[in-house]
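Below: target.tsv (TSV, C-alpha atoms)
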chain	number	residue	atom	x	y	z
T	589	MET	CA	14.52	1.01	10.89
T	590	GLU	CA	12.93	-2.36	11.51
T	591	HIS	CA	9.48	-2.85	10.12
T	592	LYS	CA	6.63	-2.42	12.54
T	593	VAL	CA	3.15	-3.95	12.34
T	594	ILE	CA	0.23	-2.15	14.01
T	595	ASP	CA	-3.15	-3.84	14.21
T	596	ASP	CA	-6.17	-1.55	14.38
T	597	VAL	CA	-4.06	1.53	13.70
T	598	VAL	CA	-7.39	3.38	13.68
T	599	GLY	CA	-10.78	2.51	15.17
T	600	LEU	CA	-13.37	0.34	13.43
T	601	PRO	CA	-15.67	3.25	12.40
T	602	TYR	CA	-12.75	4.91	10.55
T	603	GLN	CA	-11.68	1.56	9.06
T	604	ASN	CA	-15.22	1.13	7.73
T	605	LEU	CA	-15.26	4.67	6.30
T	606	ILE	CA	-11.99	4.02	4.47
T	607	GLU	CA	-13.27	0.72	3.09
T	608	GLN	CA	-16.58	2.31	1.98
T	609	THR	CA	-14.70	5.19	0.31
T	610	ILE	CA	-12.39	2.85	-1.59
T	611	ASN	CA	-15.26	0.55	-2.59
T	612	SER	CA	-17.61	3.34	-3.68
T	613	GLN	CA	-18.70	3.80	-7.28
T	614	SER	CA	-17.01	7.22	-7.32
T	615	PHE	CA	-13.54	5.85	-6.47
T	616	GLU	CA	-11.61	5.57	-9.71
T	617	TRP	CA	-9.34	2.62	-10.48
T	618	TYR	CA	-6.85	2.65	-13.35
T	619	TYR	CA	-5.33	-0.47	-14.86
T	620	VAL	CA	-1.52	-0.44	-15.03
T	621	PRO	CA	0.55	-3.16	-16.70
T	622	THR	CA	3.16	-3.04	-13.95
T	623	LEU	CA	2.73	-1.88	-10.37
T	624	THR	CA	6.37	-1.96	-9.28
T	625	TYR	CA	7.81	0.12	-12.13
T	626	GLU	CA	10.14	-2.72	-13.10
T	627	GLU	CA	10.48	-2.89	-16.87
T	628	ASP	CA	10.48	-6.69	-16.89
T	629	SER	CA	7.57	-7.04	-14.46
T	630	GLU	CA	4.45	-8.85	-15.55
T	631	HIS	CA	2.50	-7.86	-12.47
T	632	SER	CA	-0.47	-5.81	-13.51
T	633	GLY	CA	-3.01	-4.31	-11.18
T	634	PHE	CA	-5.21	-1.35	-10.48
T	635	VAL	CA	-4.11	1.91	-8.93
T	636	ASN	CA	-5.43	5.31	-7.92
T	637	THR	CA	-2.79	7.92	-7.15
T	638	ILE	CA	-4.48	10.05	-4.50
T	639	PHE	CA	-1.52	12.35	-3.92
T	640	SER	CA	1.81	12.83	-5.65
T	641	SER	CA	4.14	15.72	-4.90
T	642	GLU	CA	6.13	14.86	-8.03
T	643	HIS	CA	3.14	14.91	-10.38
T	644	HIS	CA	1.12	17.62	-8.57
T	645	ILE	CA	-1.86	15.34	-7.93
T	646	LYS	CA	-4.20	15.90	-5.01
T	647	LYS	CA	-7.58	14.20	-5.07
T	648	GLN	CA	-10.48	14.77	-2.70
T	649	GLN	CA	-9.93	11.39	-0.98
T	650	MET	CA	-6.74	12.81	0.54
T	651	ASP	CA	-8.88	14.64	3.10
T	652	ILE	CA	-10.25	11.30	4.34
T	653	LEU	CA	-6.99	9.34	4.09
T	654	LEU	CA	-4.34	11.75	5.40
T	655	PRO	CA	-5.43	11.38	9.06
T	656	LEU	CA	-4.76	7.65	8.71
T	657	LEU	CA	-1.06	8.33	8.12
T	658	LEU	CA	-0.94	10.80	11.00
T	659	GLU	CA	-2.47	8.21	13.37
T	660	GLY	CA	0.16	5.63	12.45
T	661	VAL	CA	3.26	7.82	12.26
T	662	GLU	CA	4.61	10.67	14.37
T	663	ASP	CA	6.51	13.61	12.94
T	664	VAL	CA	5.57	13.37	9.26
T	665	LYS	CA	7.47	16.22	7.61
T	666	GLU	CA	6.59	15.68	3.97
T	667	ILE	CA	4.26	13.48	1.96
T	668	PHE	CA	5.62	12.21	-1.34
T	669	ARG	CA	2.84	9.92	-2.48
T	670	ILE	CA	-0.41	8.26	-1.43
T	671	ARG	CA	-1.89	5.65	-3.66
T	672	ALA	CA	-4.46	2.89	-3.49
T	673	VAL	CA	-3.46	-0.41	-5.07
T	674	MET	CA	-5.73	-3.34	-5.85
T	675	TRP	CA	-4.97	-6.84	-7.04
T	676	VAL	CA	-7.83	-9.12	-8.03
T	677	LYS	CA	-8.07	-12.84	-7.41
T	678	ASN	CA	-5.58	-14.87	-9.50
T	679	GLN	CA	-4.68	-11.83	-11.60
T	680	ASN	CA	-0.94	-12.59	-11.63
T	681	LYS	CA	0.50	-16.08	-11.58
T	682	LEU	CA	4.17	-15.38	-10.79
T	683	PRO	CA	5.47	-14.12	-7.42
T	684	HIS	CA	5.65	-10.33	-7.23
T	685	LEU	CA	9.10	-8.78	-7.48
T	686	PRO	CA	10.85	-7.22	-4.49
T	687	HIS	CA	11.08	-3.46	-4.91
T	688	ARG	CA	11.40	-0.08	-3.23
T	689	ASP	CA	8.67	2.45	-3.89
T	690	LEU	CA	10.83	5.52	-4.53
T	691	ASN	CA	14.50	6.10	-5.32
T	692	HIS	CA	15.14	8.69	-2.60
T	693	ASP	CA	15.05	8.70	1.20
T	694	HIS	CA	11.58	8.07	2.53
T	695	ASN	CA	9.52	5.82	4.77
T	696	THR	CA	6.55	3.70	3.82
T	697	MET	CA	3.31	2.87	5.57
T	698	LEU	CA	1.06	0.22	4.06
T	699	TYR	CA	-2.52	0.09	5.27
T	700	TYR	CA	-4.73	-2.90	4.51
T	701	VAL	CA	-8.22	-1.80	3.54
T	702	ASN	CA	-9.74	-5.27	3.64
T	703	ASP	CA	-9.14	-8.76	4.98
T	704	SER	CA	-7.52	-10.81	2.26
T	705	ASP	CA	-4.85	-13.34	1.47
T	706	GLY	CA	-1.62	-12.51	-0.34
T	707	PRO	CA	0.93	-11.38	2.24
T	708	THR	CA	3.39	-8.51	1.95
T	709	LYS	CA	6.87	-10.01	2.00
T	710	ILE	CA	9.69	-8.10	3.67
T	711	PHE	CA	13.21	-8.86	2.39
T	712	ASP	CA	16.74	-8.68	3.74
T	713	GLY	CA	18.84	-9.18	0.64
T	714	ASP	CA	17.40	-12.20	-1.17
T	715	ASN	CA	15.81	-13.61	1.99
T	716	VAL	CA	12.20	-13.15	3.04
T	717	ILE	CA	12.38	-12.18	6.72
T	718	ASP	CA	8.67	-11.65	7.32
T	719	GLU	CA	5.28	-12.09	5.68
T	720	ILE	CA	2.52	-9.75	6.82
T	721	GLU	CA	-1.00	-10.98	6.14
T	722	PRO	CA	-3.50	-8.38	4.89
T	723	LYS	CA	-5.94	-7.65	7.70
T	724	LYS	CA	-8.41	-4.78	7.66
T	725	GLY	CA	-7.11	-1.98	9.88
T	726	ARG	CA	-3.51	-3.25	9.96
T	727	ALA	CA	-0.58	-1.02	9.05
T	728	VAL	CA	3.02	-1.94	8.43
T	729	ILE	CA	5.68	0.76	8.59
T	730	PHE	CA	9.24	0.49	7.29
T	731	SER	CA	12.13	2.43	5.85
T	732	GLY	CA	11.82	3.21	2.16
T	733	ASP	CA	15.04	1.36	1.39
T	734	THR	CA	13.43	-1.92	2.54
T	735	TYR	CA	12.73	-4.26	-0.32
T	736	HIS	CA	9.20	-5.64	-0.16
T	737	ALA	CA	6.77	-7.45	-2.43
T	738	SER	CA	3.03	-7.77	-2.57
T	739	SER	CA	1.15	-10.95	-3.45
T	740	THR	CA	-1.87	-11.69	-5.58
T	741	PRO	CA	-4.86	-13.04	-3.63
T	742	ARG	CA	-5.82	-16.64	-4.40
T	743	LYS	CA	-8.84	-17.06	-2.08
T	744	ASN	CA	-10.32	-13.56	-1.69
T	745	HIS	CA	-11.85	-11.45	-4.49
T	746	ASN	CA	-9.29	-8.69	-4.07
T	747	ARG	CA	-6.49	-7.26	-1.94
T	748	VAL	CA	-6.56	-3.49	-1.42
T	749	VAL	CA	-3.69	-1.55	0.13
T	750	LEU	CA	-3.13	2.15	0.75
T	751	ASN	CA	0.51	2.99	0.23
T	752	PHE	CA	1.89	6.11	1.93
T	753	ASN	CA	5.41	7.32	1.10
T	754	TYR	CA	6.60	10.12	3.36
T	755	GLY	CA	9.57	11.88	4.93
T	756	ILE	CA	10.20	12.37	8.65

How would this structure read if it were set down as structure tokens?
Amino acid sequence: MEHKVIDDVVGLPYQNLIEQTINSQSFEWYYVPTLTYEEDSEHSGFVNTIFSSEHHIKKQQMDILLPLLLEGVEDVKEIFRIRAVMWVKNQNKLPHLPHRDLNHDHNTMLYYVNDSDGPTKIFDGDNVIDEIEPKKGRAVIFSGDTYHASSTPRKNHNRVVLNFNYGI
């Protein structure tokens, strides 16, 4: 599966609702020392696991966010994980490490909650084959075995992504 970029995967009113939900005082963020689960990673950030089939987590925000996945992807058979990830300006100095989200068959949809800098890099082996700029309302969809890497924003206050891992 090639990666696919979809601008305005949902309409502006829904984009605004998602952004307001994520930015609300009631949305919880948790600091994690590594976002890519690599033992040698020094790339900290903030995360909120909204749904995890493995850890039996289902938070109320799933009701607002699940339709986003269903607008971007046809034939979702199973949801493995939904999580919000935030990097703050200049938080990490080194480039982020290429990784896969899960170690089993799945697909990934990334949704950019806000306009920011710090592209998502898509890899083929050791080569970067594309860089997708974070743009509010944009989704990028790819096979779960695709290595990808986030980036820390340098100009904007933060970069917020919703990460959906699912089976079709």

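You will find CA of Leu682 in chain T at 21.7 Å from CA of Asp703 in chain T.
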
Fill in: Among listed residues T:Tyr602, T:Trp675, T:Trp617, T:Tyr735, nearest Gly633 in chain T (using all atoms listed in the file)
T:Trp675

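One finds CA of Tyr619 in chain T at 19.4 Å from CA of His687 in chain T.
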
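Nearest residue to Glu662 in chain T among T:Asn695, T:Ser614, T:Thr609, T:Thr708 is T:Asn695, counting all atoms listed in the file.
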
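When the distance limit is 7 Å and all atoms listed in the file are what count, the residues near Ile667 in chain T, minus those fewer than 5 positions from it on the same chain, are T:Asn753, T:Tyr754, T:Gly755.
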
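Shortest atom-to-atom contact with Gly732 in chain T among T:Asn702, T:Gln648, T:Ser632, T:Asn691: T:Asn691, counting only C-alpha atoms.
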
Worksheet item: Can you tell me how far CA of Leu658 in chain T sits from CA of Met697 in chain T, in Å to one decimal?
Response: 10.5 Å

Discussion item. When you count only C-alpha atoms, which of these residues is closest to Val748 in chain T: T:Val676, T:Val728, T:Ile717, T:Leu690?
Written reply: T:Val676

Axis-aligned box over every listed atom of range 705-715 of chain T, padded by 6 Å per side: centre and edges in Å to one decimal, as lines of an AutoDock Vina configuration file?
center_x = 7.0
center_y = -10.9
center_z = 1.3
size_x = 35.7
size_y = 17.5
size_z = 16.9

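Nearest residue to Ile645 in chain T among T:Lys743, T:Arg671, T:Arg688, T:Lys724 is T:Arg671, counting all atoms listed in the file.
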
Since the input has fewer atoms than a full residue there, write range 644-656 of chain T out with N, CA and C atoms, as a PDB file, keeping the file's coordinate frame.
ATOM      1  N   HIS T 644       2.083  16.573  -8.952  1.00  0.00           N
ATOM      2  CA  HIS T 644       1.120  17.620  -8.570  1.00  0.00           C
ATOM      3  C   HIS T 644      -0.330  17.104  -8.613  1.00  0.00           C
ATOM      4  N   ILE T 645      -0.529  15.938  -8.014  1.00  0.00           N
ATOM      5  CA  ILE T 645      -1.860  15.340  -7.930  1.00  0.00           C
ATOM      6  C   ILE T 645      -2.334  15.437  -6.494  1.00  0.00           C
ATOM      7  N   LYS T 646      -3.560  15.902  -6.325  1.00  0.00           N
ATOM      8  CA  LYS T 646      -4.200  15.900  -5.010  1.00  0.00           C
ATOM      9  C   LYS T 646      -5.684  15.717  -5.223  1.00  0.00           C
ATOM     10  N   LYS T 647      -6.167  14.521  -4.884  1.00  0.00           N
ATOM     11  CA  LYS T 647      -7.580  14.200  -5.070  1.00  0.00           C
ATOM     12  C   LYS T 647      -8.326  14.380  -3.762  1.00  0.00           C
ATOM     13  N   GLN T 648      -9.643  14.485  -3.864  1.00  0.00           N
ATOM     14  CA  GLN T 648     -10.480  14.770  -2.700  1.00  0.00           C
ATOM     15  C   GLN T 648     -10.356  13.688  -1.618  1.00  0.00           C
ATOM     16  N   GLN T 649     -10.046  12.449  -1.977  1.00  0.00           N
ATOM     17  CA  GLN T 649      -9.930  11.390  -0.980  1.00  0.00           C
ATOM     18  C   GLN T 649      -8.774  11.628  -0.009  1.00  0.00           C
ATOM     19  N   MET T 650      -7.847  12.512  -0.364  1.00  0.00           N
ATOM     20  CA  MET T 650      -6.740  12.810   0.540  1.00  0.00           C
ATOM     21  C   MET T 650      -7.250  13.332   1.879  1.00  0.00           C
ATOM     22  N   ASP T 651      -8.330  14.090   1.860  1.00  0.00           N
ATOM     23  CA  ASP T 651      -8.880  14.640   3.100  1.00  0.00           C
ATOM     24  C   ASP T 651      -9.327  13.530   4.053  1.00  0.00           C
ATOM     25  N   ILE T 652      -9.814  12.425   3.509  1.00  0.00           N
ATOM     26  CA  ILE T 652     -10.250  11.300   4.340  1.00  0.00           C
ATOM     27  C   ILE T 652      -9.068  10.426   4.749  1.00  0.00           C
ATOM     28  N   LEU T 653      -8.063  10.307   3.869  1.00  0.00           N
ATOM     29  CA  LEU T 653      -6.990   9.340   4.090  1.00  0.00           C
ATOM     30  C   LEU T 653      -5.767   9.896   4.828  1.00  0.00           C
ATOM     31  N   LEU T 654      -5.515  11.178   4.738  1.00  0.00           N
ATOM     32  CA  LEU T 654      -4.340  11.750   5.400  1.00  0.00           C
ATOM     33  C   LEU T 654      -4.335  11.511   6.907  1.00  0.00           C
ATOM     34  N   PRO T 655      -5.464  11.656   7.616  1.00  0.00           N
ATOM     35  CA  PRO T 655      -5.430  11.380   9.060  1.00  0.00           C
ATOM     36  C   PRO T 655      -4.985   9.957   9.397  1.00  0.00           C
ATOM     37  N   LEU T 656      -5.209   9.022   8.493  1.00  0.00           N
ATOM     38  CA  LEU T 656      -4.760   7.650   8.710  1.00  0.00           C
ATOM     39  C   LEU T 656      -3.245   7.601   8.874  1.00  0.00           C
TER      40      LEU T 656
END
